[in-house]
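Note: the block below is work01.pdb and it holds PDB, C-alpha atoms, pLDDT in the B column.
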```pdb
ATOM      1  CA  MET I   1     -44.505   2.468 -18.107  1.00 44.00           C
ATOM      2  CA  ASN I   2     -46.926   3.135 -20.954  1.00 44.00           C
ATOM      3  CA  SER I   3     -49.300   6.100 -21.008  1.00 44.00           C
ATOM      4  CA  VAL I   4     -52.419   4.000 -20.397  1.00 40.00           C
ATOM      5  CA  THR I   5     -50.944   2.515 -17.234  1.00 42.00           C
ATOM      6  CA  ARG I   6     -49.708   5.925 -16.088  1.00 48.00           C
ATOM      7  CA  ARG I   7     -53.143   7.459 -16.618  1.00 46.00           C
ATOM      8  CA  GLY I   8     -54.685   4.677 -14.569  1.00 42.00           C
ATOM      9  CA  LEU I   9     -52.286   5.270 -11.719  1.00 43.00           C
ATOM     10  CA  LEU I  10     -53.046   8.990 -11.795  1.00 48.00           C
ATOM     11  CA  ALA I  11     -56.752   8.313 -11.634  1.00 44.00           C
ATOM     12  CA  ALA I  12     -56.365   6.064  -8.617  1.00 41.00           C
ATOM     13  CA  SER I  13     -53.597   7.761  -6.661  1.00 45.00           C
ATOM     14  CA  ALA I  14     -53.917  11.481  -7.302  1.00 48.00           C
ATOM     15  CA  LEU I  15     -57.123  11.564  -5.291  1.00 47.00           C
ATOM     16  CA  LEU I  16     -55.231  10.895  -2.072  1.00 47.00           C
ATOM     17  CA  PRO I  17     -54.254  14.483  -1.205  1.00 55.00           C
ATOM     18  CA  PHE I  18     -57.786  15.604  -2.024  1.00 54.00           C
ATOM     19  CA  LEU I  19     -59.981  12.897  -0.516  1.00 44.00           C
ATOM     20  CA  ARG I  20     -57.803  12.208   2.537  1.00 42.00           C
ATOM     21  CA  GLY I  21     -58.326   8.521   2.923  1.00 33.00           C
ATOM     22  CA  SER I  22     -61.539   8.091   0.979  1.00 34.00           C
ATOM     23  CA  GLN I  23     -61.877   4.783  -0.829  1.00 34.00           C
ATOM     24  CA  ALA I  24     -63.234   6.508  -3.960  1.00 36.00           C
ATOM     25  CA  ARG I  25     -61.189   6.304  -7.161  1.00 34.00           C
ATOM     26  CA  ALA I  26     -61.174   9.127  -9.706  1.00 38.00           C
ATOM     27  CA  GLY I  27     -63.282   8.340 -12.710  1.00 41.00           C
ATOM     28  CA  ALA I  28     -64.797   5.219 -11.122  1.00 41.00           C
ATOM     29  CA  THR I  29     -68.297   4.651  -9.802  1.00 42.00           C
ATOM     30  CA  PRO I  30     -68.542   2.711  -6.510  1.00 47.00           C
ATOM     31  CA  GLU I  31     -70.722  -0.347  -6.217  1.00 44.00           C
ATOM     32  CA  PRO I  32     -74.409   0.540  -5.733  1.00 46.00           C
ATOM     33  CA  ALA I  33     -75.415   0.914  -2.127  1.00 49.00           C
ATOM     34  CA  ALA I  34     -78.304  -1.115  -0.806  1.00 46.00           C
ATOM     35  CA  GLY I  35     -81.388  -0.108   1.139  1.00 50.00           C
ATOM     36  CA  ARG I  36     -82.024   3.455   2.153  1.00 62.00           C
ATOM     37  CA  PHE I  37     -78.636   4.837   1.113  1.00 66.00           C
ATOM     38  CA  ALA I  38     -78.382   7.358  -1.709  1.00 65.00           C
ATOM     39  CA  PRO I  39     -77.084   6.239  -5.123  1.00 71.00           C
ATOM     40  CA  PRO I  40     -73.295   6.320  -5.422  1.00 79.00           C
ATOM     41  CA  LEU I  41     -71.558   9.368  -6.881  1.00 80.00           C
ATOM     42  CA  PRO I  42     -68.943   9.316  -9.657  1.00 85.00           C
ATOM     43  CA  GLY I  43     -65.389  10.283  -8.758  1.00 85.00           C
ATOM     44  CA  ARG I  44     -65.698  13.656 -10.480  1.00 93.00           C
ATOM     45  CA  GLU I  45     -68.645  14.669  -8.307  1.00 93.00           C
ATOM     46  CA  ILE I  46     -66.947  13.418  -5.142  1.00 92.00           C
ATOM     47  CA  LEU I  47     -63.934  15.579  -5.954  1.00 92.00           C
ATOM     48  CA  ARG I  48     -66.079  18.609  -6.672  1.00 94.00           C
ATOM     49  CA  ARG I  49     -67.907  18.376  -3.362  1.00 93.00           C
ATOM     50  CA  ARG I  50     -64.928  17.592  -1.171  1.00 92.00           C
ATOM     51  CA  SER I  51     -62.020  19.396  -2.775  1.00 94.00           C
ATOM     52  CA  PHE I  52     -63.216  22.245  -4.990  1.00 97.00           C
ATOM     53  CA  PRO I  53     -65.216  24.765  -2.945  1.00 96.00           C
ATOM     54  CA  ASP I  54     -66.865  27.219  -5.300  1.00 97.00           C
ATOM     55  CA  VAL I  55     -65.614  30.324  -3.512  1.00 98.00           C
ATOM     56  CA  VAL I  56     -65.467  33.684  -5.248  1.00 98.00           C
ATOM     57  CA  LEU I  57     -61.972  34.894  -6.137  1.00 98.00           C
ATOM     58  CA  THR I  58     -60.724  37.999  -7.938  1.00 98.00           C
ATOM     59  CA  THR I  59     -58.404  37.819 -10.927  1.00 98.00           C
ATOM     60  CA  HIS I  60     -55.427  40.086 -11.567  1.00 98.00           C
ATOM     61  CA  GLU I  61     -57.713  41.745 -14.119  1.00 97.00           C
ATOM     62  CA  GLY I  62     -60.136  42.693 -11.335  1.00 97.00           C
ATOM     63  CA  LYS I  63     -62.868  40.245 -12.376  1.00 98.00           C
ATOM     64  CA  PRO I  64     -64.789  38.101  -9.870  1.00 98.00           C
ATOM     65  CA  VAL I  65     -64.748  34.366 -10.678  1.00 98.00           C
ATOM     66  CA  ARG I  66     -66.014  31.222  -9.010  1.00 98.00           C
ATOM     67  CA  PHE I  67     -63.296  28.697  -8.354  1.00 98.00           C
ATOM     68  CA  TYR I  68     -65.120  25.625  -9.635  1.00 98.00           C
ATOM     69  CA  GLU I  69     -67.757  26.915 -12.050  1.00 98.00           C
ATOM     70  CA  ASN I  70     -65.545  29.449 -13.841  1.00 98.00           C
ATOM     71  CA  LEU I  71     -62.017  28.118 -13.420  1.00 98.00           C
ATOM     72  CA  LEU I  72     -62.052  24.318 -13.131  1.00 98.00           C
ATOM     73  CA  LYS I  73     -65.230  22.926 -14.646  1.00 97.00           C
ATOM     74  CA  ASP I  74     -64.687  21.119 -17.967  1.00 97.00           C
ATOM     75  CA  LYS I  75     -61.055  22.270 -18.189  1.00 98.00           C
ATOM     76  CA  ILE I  76     -57.503  20.997 -17.980  1.00 98.00           C
ATOM     77  CA  VAL I  77     -55.734  23.148 -15.420  1.00 98.00           C
ATOM     78  CA  VAL I  78     -52.435  23.790 -13.670  1.00 98.00           C
ATOM     79  CA  LEU I  79     -52.505  25.258 -10.140  1.00 97.00           C
ATOM     80  CA  ASN I  80     -49.761  26.732  -7.988  1.00 96.00           C
ATOM     81  CA  LEU I  81     -49.246  29.017  -5.015  1.00 94.00           C
ATOM     82  CA  MET I  82     -47.258  32.251  -4.970  1.00 93.00           C
ATOM     83  CA  TYR I  83     -47.144  35.796  -3.622  1.00 93.00           C
ATOM     84  CA  ALA I  84     -45.948  38.939  -5.303  1.00 94.00           C
ATOM     85  CA  ASN I  85     -43.200  39.953  -2.857  1.00 93.00           C
ATOM     86  CA  CYS I  86     -41.686  36.484  -2.626  1.00 89.00           C
ATOM     87  CA  ASN I  87     -37.894  36.513  -2.688  1.00 83.00           C
ATOM     88  CA  GLY I  88     -37.644  32.734  -2.678  1.00 83.00           C
ATOM     89  CA  ILE I  89     -38.787  30.214  -5.254  1.00 88.00           C
ATOM     90  CA  CYS I  90     -41.952  31.969  -6.480  1.00 90.00           C
ATOM     91  CA  PRO I  91     -40.291  34.000  -9.283  1.00 91.00           C
ATOM     92  CA  THR I  92     -38.298  30.952 -10.376  1.00 92.00           C
ATOM     93  CA  ILE I  93     -41.390  28.757 -10.578  1.00 94.00           C
ATOM     94  CA  THR I  94     -43.415  31.463 -12.314  1.00 95.00           C
ATOM     95  CA  SER I  95     -40.712  31.787 -14.959  1.00 94.00           C
ATOM     96  CA  ASN I  96     -40.582  28.006 -15.250  1.00 95.00           C
ATOM     97  CA  LEU I  97     -44.343  27.816 -15.758  1.00 97.00           C
ATOM     98  CA  ALA I  98     -44.080  30.424 -18.522  1.00 96.00           C
ATOM     99  CA  ARG I  99     -41.725  28.009 -20.291  1.00 96.00           C
ATOM    100  CA  VAL I 100     -44.123  25.132 -19.592  1.00 97.00           C
ATOM    101  CA  ARG I 101     -46.980  27.038 -21.214  1.00 96.00           C
ATOM    102  CA  LYS I 102     -44.938  27.656 -24.333  1.00 96.00           C
ATOM    103  CA  LEU I 103     -43.967  23.982 -24.630  1.00 96.00           C
ATOM    104  CA  LEU I 104     -47.549  22.816 -24.030  1.00 96.00           C
ATOM    105  CA  ALA I 105     -48.804  25.070 -26.814  1.00 94.00           C
ATOM    106  CA  GLU I 106     -46.397  23.282 -29.137  1.00 94.00           C
ATOM    107  CA  ARG I 107     -47.439  19.827 -27.904  1.00 94.00           C
ATOM    108  CA  THR I 108     -51.225  19.914 -27.666  1.00 94.00           C
ATOM    109  CA  THR I 109     -54.301  21.348 -29.343  1.00 94.00           C
ATOM    110  CA  GLN I 110     -56.141  21.206 -25.995  1.00 94.00           C
ATOM    111  CA  PRO I 111     -56.209  24.482 -24.020  1.00 96.00           C
ATOM    112  CA  VAL I 112     -54.517  24.229 -20.629  1.00 97.00           C
ATOM    113  CA  PHE I 113     -55.428  26.947 -18.139  1.00 98.00           C
ATOM    114  CA  PHE I 114     -52.962  28.171 -15.517  1.00 98.00           C
ATOM    115  CA  TYR I 115     -54.022  29.578 -12.140  1.00 98.00           C
ATOM    116  CA  SER I 116     -51.638  31.062  -9.578  1.00 97.00           C
ATOM    117  CA  LEU I 117     -53.212  31.648  -6.167  1.00 97.00           C
ATOM    118  CA  THR I 118     -51.611  34.063  -3.734  1.00 96.00           C
ATOM    119  CA  VAL I 119     -51.035  32.859  -0.187  1.00 93.00           C
ATOM    120  CA  LYS I 120     -51.043  36.466   1.009  1.00 94.00           C
ATOM    121  CA  PRO I 121     -54.404  37.845  -0.125  1.00 96.00           C
ATOM    122  CA  GLU I 122     -54.288  40.559   2.507  1.00 96.00           C
ATOM    123  CA  GLU I 123     -51.288  42.027   0.659  1.00 96.00           C
ATOM    124  CA  ASP I 124     -51.761  40.964  -2.952  1.00 97.00           C
ATOM    125  CA  THR I 125     -54.413  43.195  -4.485  1.00 97.00           C
ATOM    126  CA  PRO I 126     -55.529  42.633  -8.088  1.00 98.00           C
ATOM    127  CA  GLU I 127     -53.371  45.620  -9.091  1.00 97.00           C
ATOM    128  CA  LYS I 128     -50.301  44.123  -7.450  1.00 97.00           C
ATOM    129  CA  LEU I 129     -50.939  40.741  -9.070  1.00 98.00           C
ATOM    130  CA  LYS I 130     -51.450  42.415 -12.447  1.00 97.00           C
ATOM    131  CA  ALA I 131     -48.025  44.025 -12.206  1.00 97.00           C
ATOM    132  CA  TYR I 132     -46.539  40.647 -11.259  1.00 96.00           C
ATOM    133  CA  ALA I 133     -48.291  38.933 -14.201  1.00 96.00           C
ATOM    134  CA  GLU I 134     -47.057  41.576 -16.630  1.00 96.00           C
ATOM    135  CA  MET I 135     -43.529  41.331 -15.286  1.00 94.00           C
ATOM    136  CA  HIS I 136     -43.546  37.605 -16.073  1.00 93.00           C
ATOM    137  CA  HIS I 137     -45.346  38.014 -19.428  1.00 93.00           C
ATOM    138  CA  ALA I 138     -48.136  35.701 -18.272  1.00 93.00           C
ATOM    139  CA  GLY I 139     -50.484  36.332 -21.200  1.00 91.00           C
ATOM    140  CA  PRO I 140     -54.039  35.054 -21.857  1.00 94.00           C
ATOM    141  CA  GLY I 141     -55.055  31.802 -20.202  1.00 95.00           C
ATOM    142  CA  TRP I 142     -53.041  32.450 -17.037  1.00 98.00           C
ATOM    143  CA  LEU I 143     -54.816  34.090 -14.126  1.00 98.00           C
ATOM    144  CA  PHE I 144     -53.329  35.299 -10.854  1.00 98.00           C
ATOM    145  CA  LEU I 145     -55.919  35.081  -8.117  1.00 98.00           C
ATOM    146  CA  THR I 146     -56.669  36.636  -4.767  1.00 98.00           C
ATOM    147  CA  GLY I 147     -59.710  36.618  -2.503  1.00 98.00           C
ATOM    148  CA  LYS I 148     -60.928  36.736   1.054  1.00 98.00           C
ATOM    149  CA  PRO I 149     -58.251  35.308   3.381  1.00 96.00           C
ATOM    150  CA  ALA I 150     -60.648  32.681   4.755  1.00 97.00           C
ATOM    151  CA  ASP I 151     -61.547  31.523   1.241  1.00 97.00           C
ATOM    152  CA  VAL I 152     -57.911  31.347   0.166  1.00 96.00           C
ATOM    153  CA  GLU I 153     -57.087  29.314   3.272  1.00 93.00           C
ATOM    154  CA  LEU I 154     -59.979  26.963   2.519  1.00 95.00           C
ATOM    155  CA  LEU I 155     -58.676  26.381  -1.003  1.00 95.00           C
ATOM    156  CA  ARG I 156     -55.120  25.903   0.194  1.00 93.00           C
ATOM    157  CA  ASP I 157     -56.339  23.225   2.584  1.00 91.00           C
ATOM    158  CA  LYS I 158     -58.711  21.469   0.173  1.00 93.00           C
ATOM    159  CA  LEU I 159     -56.134  21.394  -2.619  1.00 92.00           C
ATOM    160  CA  GLY I 160     -53.540  19.812  -0.354  1.00 87.00           C
ATOM    161  CA  PHE I 161     -51.102  22.730  -0.212  1.00 88.00           C
ATOM    162  CA  VAL I 162     -50.737  22.434   3.567  1.00 80.00           C
ATOM    163  CA  ASP I 163     -48.256  20.895   5.954  1.00 70.00           C
ATOM    164  CA  LEU I 164     -49.601  18.046   8.077  1.00 68.00           C
ATOM    165  CA  ASN I 165     -47.778  19.656  10.987  1.00 64.00           C
ATOM    166  CA  ALA I 166     -50.247  22.415  11.917  1.00 68.00           C
ATOM    167  CA  GLN I 167     -47.598  24.486  13.714  1.00 67.00           C
ATOM    168  CA  LEU I 168     -45.198  24.440  10.768  1.00 66.00           C
ATOM    169  CA  ASP I 169     -48.039  25.276   8.418  1.00 62.00           C
ATOM    170  CA  LYS I 170     -49.074  28.226  10.551  1.00 68.00           C
ATOM    171  CA  GLU I 171     -45.513  29.551  10.626  1.00 63.00           C
ATOM    172  CA  ASP I 172     -44.995  29.320   6.870  1.00 67.00           C
ATOM    173  CA  LYS I 173     -48.089  29.111   4.671  1.00 60.00           C
ATOM    174  CA  SER I 174     -45.945  29.260   1.575  1.00 59.00           C
ATOM    175  CA  SER I 175     -43.969  26.132   2.474  1.00 58.00           C
ATOM    176  CA  HIS I 176     -45.787  24.103  -0.181  1.00 57.00           C
ATOM    177  CA  SER I 177     -45.599  26.751  -2.879  1.00 62.00           C
ATOM    178  CA  GLY I 178     -42.958  24.663  -4.625  1.00 86.00           C
ATOM    179  CA  MET I 179     -45.545  22.119  -5.718  1.00 90.00           C
ATOM    180  CA  ILE I 180     -47.902  22.429  -8.654  1.00 94.00           C
ATOM    181  CA  ARG I 181     -51.082  20.449  -9.185  1.00 95.00           C
ATOM    182  CA  TYR I 182     -52.536  19.689 -12.565  1.00 97.00           C
ATOM    183  CA  GLY I 183     -55.706  17.955 -13.621  1.00 97.00           C
ATOM    184  CA  ASN I 184     -58.306  17.077 -16.197  1.00 97.00           C
ATOM    185  CA  GLU I 185     -61.465  18.060 -14.320  1.00 97.00           C
ATOM    186  CA  PRO I 186     -64.085  16.312 -16.505  1.00 96.00           C
ATOM    187  CA  ARG I 187     -62.105  13.039 -16.446  1.00 95.00           C
ATOM    188  CA  ALA I 188     -61.223  13.387 -12.741  1.00 95.00           C
ATOM    189  CA  LEU I 189     -57.531  12.831 -13.446  1.00 95.00           C
ATOM    190  CA  TRP I 190     -55.169  14.711 -11.127  1.00 95.00           C
ATOM    191  CA  GLY I 191     -51.489  14.727 -10.335  1.00 95.00           C
ATOM    192  CA  ALA I 192     -48.726  16.842  -8.810  1.00 94.00           C
ATOM    193  CA  CYS I 193     -45.063  17.577  -9.383  1.00 94.00           C
ATOM    194  CA  GLN I 194     -42.299  19.894  -8.278  1.00 94.00           C
ATOM    195  CA  GLY I 195     -42.556  23.350  -9.784  1.00 94.00           C
ATOM    196  CA  GLN I 196     -38.767  23.599  -9.996  1.00 93.00           C
ATOM    197  CA  SER I 197     -38.470  20.519 -12.191  1.00 94.00           C
ATOM    198  CA  ARG I 198     -37.282  21.034 -15.734  1.00 95.00           C
ATOM    199  CA  ALA I 199     -40.043  22.462 -17.888  1.00 96.00           C
ATOM    200  CA  GLU I 200     -39.830  19.465 -20.212  1.00 96.00           C
ATOM    201  CA  VAL I 201     -40.450  17.100 -17.276  1.00 96.00           C
ATOM    202  CA  ILE I 202     -43.475  19.093 -16.103  1.00 97.00           C
ATOM    203  CA  VAL I 203     -44.898  19.115 -19.632  1.00 97.00           C
ATOM    204  CA  ARG I 204     -44.456  15.349 -19.849  1.00 95.00           C
ATOM    205  CA  ASP I 205     -46.326  14.878 -16.560  1.00 96.00           C
ATOM    206  CA  ILE I 206     -49.171  17.221 -17.516  1.00 97.00           C
ATOM    207  CA  SER I 207     -49.476  15.399 -20.841  1.00 95.00           C
ATOM    208  CA  PHE I 208     -50.713  12.306 -19.002  1.00 94.00           C
ATOM    209  CA  VAL I 209     -54.020  14.082 -18.247  1.00 96.00           C
ATOM    210  CA  ILE I 210     -54.445  15.428 -21.776  1.00 96.00           C
ATOM    211  CA  PRO I 211     -56.551  13.282 -24.144  1.00 95.00           C
ATOM    212  CA  ARG I 212     -54.334  11.362 -26.529  1.00 93.00           C
ATOM    213  CA  GLU I 213     -56.206  12.696 -29.543  1.00 94.00           C
ATOM    214  CA  ALA I 214     -55.281  16.265 -28.527  1.00 93.00           C
ATOM    215  CA  LEU I 215     -51.518  15.570 -28.461  1.00 91.00           C
ATOM    216  CA  LYS I 216     -49.564  16.630 -31.524  1.00 89.00           C
ATOM    217  CA  PRO I 217     -47.169  14.130 -33.116  1.00 86.00           C
ATOM    218  CA  GLN I 218     -43.643  14.612 -31.845  1.00 78.00           C
ATOM    219  CA  ALA I 219     -40.651  14.673 -34.162  1.00 66.00           C
TER     220      ALA I 219
END
```

For the file at hand, write its structure as structure tokens.
Amino acid sequence: MNSVTRRGLLAASALLPFLRGSQARAGATPEPAAGRFAPPLPGREILRRRSFPDVVLTTHEGKPVRFYENLLKDKIVVLNLMYANCNGICPTITSNLARVRKLLAERTTQPVFFYSLTVKPEEDTPEKLKAYAEMHHAGPGWLFLTGKPADVELLRDKLGFVDLNAQLDKEDKSSHSGMIRYGNEPRALWGACQGQSRAEVIVRDISFVIPREALKPQA
């Protein structure tokens, strides 16, 4: 499958976990509505309103940031869930993402921002997340985020990191922490993959939302 076709599929299908059945397609403008209805919205704006609540979070550096305005808007991003005391897959995925960042820097001239959101904000203070970030040599361009529990839950739900079985989700909020989501916000292109995949595979997937002109020639 060529990159143009793959990008088109991402634009059409990656909206599903966000829009939950909406007929809108990312990057496409619906047919004009007649009569008293408001003008149609582009896919980017639909996503912003439905899936990216602009809640205030706190970075591992102790700085307040707005989720949409400061972190997503006009950027290419990678999102995942974690918590500092995780003894499961979180450290493995964090280490894997560190490798992904290194490979992306070699592949593209376009900045890609990484955001790791704790699922246990009541435990993970900025200081605790800072220690976790330093332990994994996160570096600039990778923020570890916490916030009010209600706001974190809202984001987890809107971003599709929830189990459709409400009881299972309540019992283990970190059950979807193995997934990562990535997207080109201005182009409304979004996708997802397993965080435990080989770093080279993740980089290949993320590359489908990076403008072709920003990709470096490969040997």

I:Ala105 surroundings by only C-alpha atoms, 12 Å radius, close-in-sequence under 5 positions cut, as a PDB file with C-alpha atoms, keeping the file's coordinate frame:
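Generated output (out_5.pdb):
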```
ATOM      1  CA  ALA I  98     -44.080  30.424 -18.522  1.00 96.00           C
ATOM      2  CA  ARG I  99     -41.725  28.009 -20.291  1.00 96.00           C
ATOM      3  CA  VAL I 100     -44.123  25.132 -19.592  1.00 97.00           C
ATOM      4  CA  GLN I 110     -56.141  21.206 -25.995  1.00 94.00           C
ATOM      5  CA  PRO I 111     -56.209  24.482 -24.020  1.00 96.00           C
ATOM      6  CA  VAL I 112     -54.517  24.229 -20.629  1.00 97.00           C
ATOM      7  CA  PHE I 113     -55.428  26.947 -18.139  1.00 98.00           C
ATOM      8  CA  GLY I 141     -55.055  31.802 -20.202  1.00 95.00           C
ATOM      9  CA  VAL I 203     -44.898  19.115 -19.632  1.00 97.00           C
ATOM     10  CA  SER I 207     -49.476  15.399 -20.841  1.00 95.00           C
ATOM     11  CA  ALA I 214     -55.281  16.265 -28.527  1.00 93.00           C
ATOM     12  CA  LEU I 215     -51.518  15.570 -28.461  1.00 91.00           C
ATOM     13  CA  LYS I 216     -49.564  16.630 -31.524  1.00 89.00           C
TER      14      LYS I 216
END
```

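Atom CA of I:Leu143 sits 15.6 Å away from atom CA of I:Lys102.
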
Practice prompt. For the structure shown, which residues end up in the PyMOL selection byres ((chain I and resi 77) around 10)? Put them as a list of chain:residue names, please?
Written response: I:Leu71, I:Leu72, I:Lys73, I:Asp74, I:Lys75, I:Ile76, I:Val78, I:Leu79, I:Pro111, I:Val112, I:Phe113, I:Phe114, I:Tyr115, I:Gly141, I:Trp142, I:Arg181, I:Tyr182, I:Gly183, I:Asn184, I:Glu185, I:Trp190, I:Ile206, I:Val209

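With atom CA of I:Gln194 on one side and atom CA of I:Glu127 on the other, the separation reads 28.0 Å.
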
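The space separating atom CA of I:Tyr83 from atom CA of I:Ala188 comes to 28.0 Å.
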
Worksheet item: Selected by the PyMOL selection byres ((chain I and resi 54) around 9) in the shown coordinates: which residues, as a PyMOL selection string?
Response: chain I and resi 48+52-53+55-56+66-70

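Minimum atom-to-atom distances from I:Leu129, I:Ala138, I:Leu57, I:Ile210 to I:Thr94 were compared using only C-alpha atoms, and the lowest value belongs to I:Ala138.
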
Item to complete: Take the PyMOL selection byres ((chain I and resi 124) around 12), apply it to the structure above, and return the hits as an MDAnalysis selection string.
Response: chainID I and resid 58:60 62 82:86 116:123 125:133 144:149 152

Centre, x/y/z edge lengths, axis-aligned box for stretch 143-147 of chain I with 8 Å per side, as JSON:
```
{"center_x": -56.5, "center_y": 35.4, "center_z": -8.3, "size_x": 22.4, "size_y": 18.5, "size_z": 27.6}
```

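Restricting the calculation to all atoms listed in the file, the smallest distance between I:Glu213 and any of I:Thr109, I:Ala199, I:Asn80, I:Ile180 is found for I:Thr109.
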
Polymer residues at most 9 Å from I:Arg156, all atoms listed in the file, same-chain spacing of 3 or more positions, as a PDB file with C-alpha atoms, in the frame of the given file:
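Wrote it out as selection.pdb, contents follow:
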```
ATOM      1  CA  LEU I  81     -49.246  29.017  -5.015  1.00 94.00           C
ATOM      2  CA  LEU I 117     -53.212  31.648  -6.167  1.00 97.00           C
ATOM      3  CA  VAL I 119     -51.035  32.859  -0.187  1.00 93.00           C
ATOM      4  CA  ASP I 151     -61.547  31.523   1.241  1.00 97.00           C
ATOM      5  CA  VAL I 152     -57.911  31.347   0.166  1.00 96.00           C
ATOM      6  CA  GLU I 153     -57.087  29.314   3.272  1.00 93.00           C
ATOM      7  CA  LEU I 159     -56.134  21.394  -2.619  1.00 92.00           C
ATOM      8  CA  GLY I 160     -53.540  19.812  -0.354  1.00 87.00           C
ATOM      9  CA  PHE I 161     -51.102  22.730  -0.212  1.00 88.00           C
ATOM     10  CA  VAL I 162     -50.737  22.434   3.567  1.00 80.00           C
ATOM     11  CA  LYS I 173     -48.089  29.111   4.671  1.00 60.00           C
TER      12      LYS I 173
END
```

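Closest approach to I:Asp205 among I:Leu104, I:Gly43, I:Asn87, I:Gly139 is made by I:Leu104 (distances from all atoms listed in the file).
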
Practice prompt. Pick out the closest residue to I:Gly178 from this set: I:Leu103, I:Ala150, I:Leu97, I:Leu155. Count only C-alpha atoms.
Written response: I:Leu97
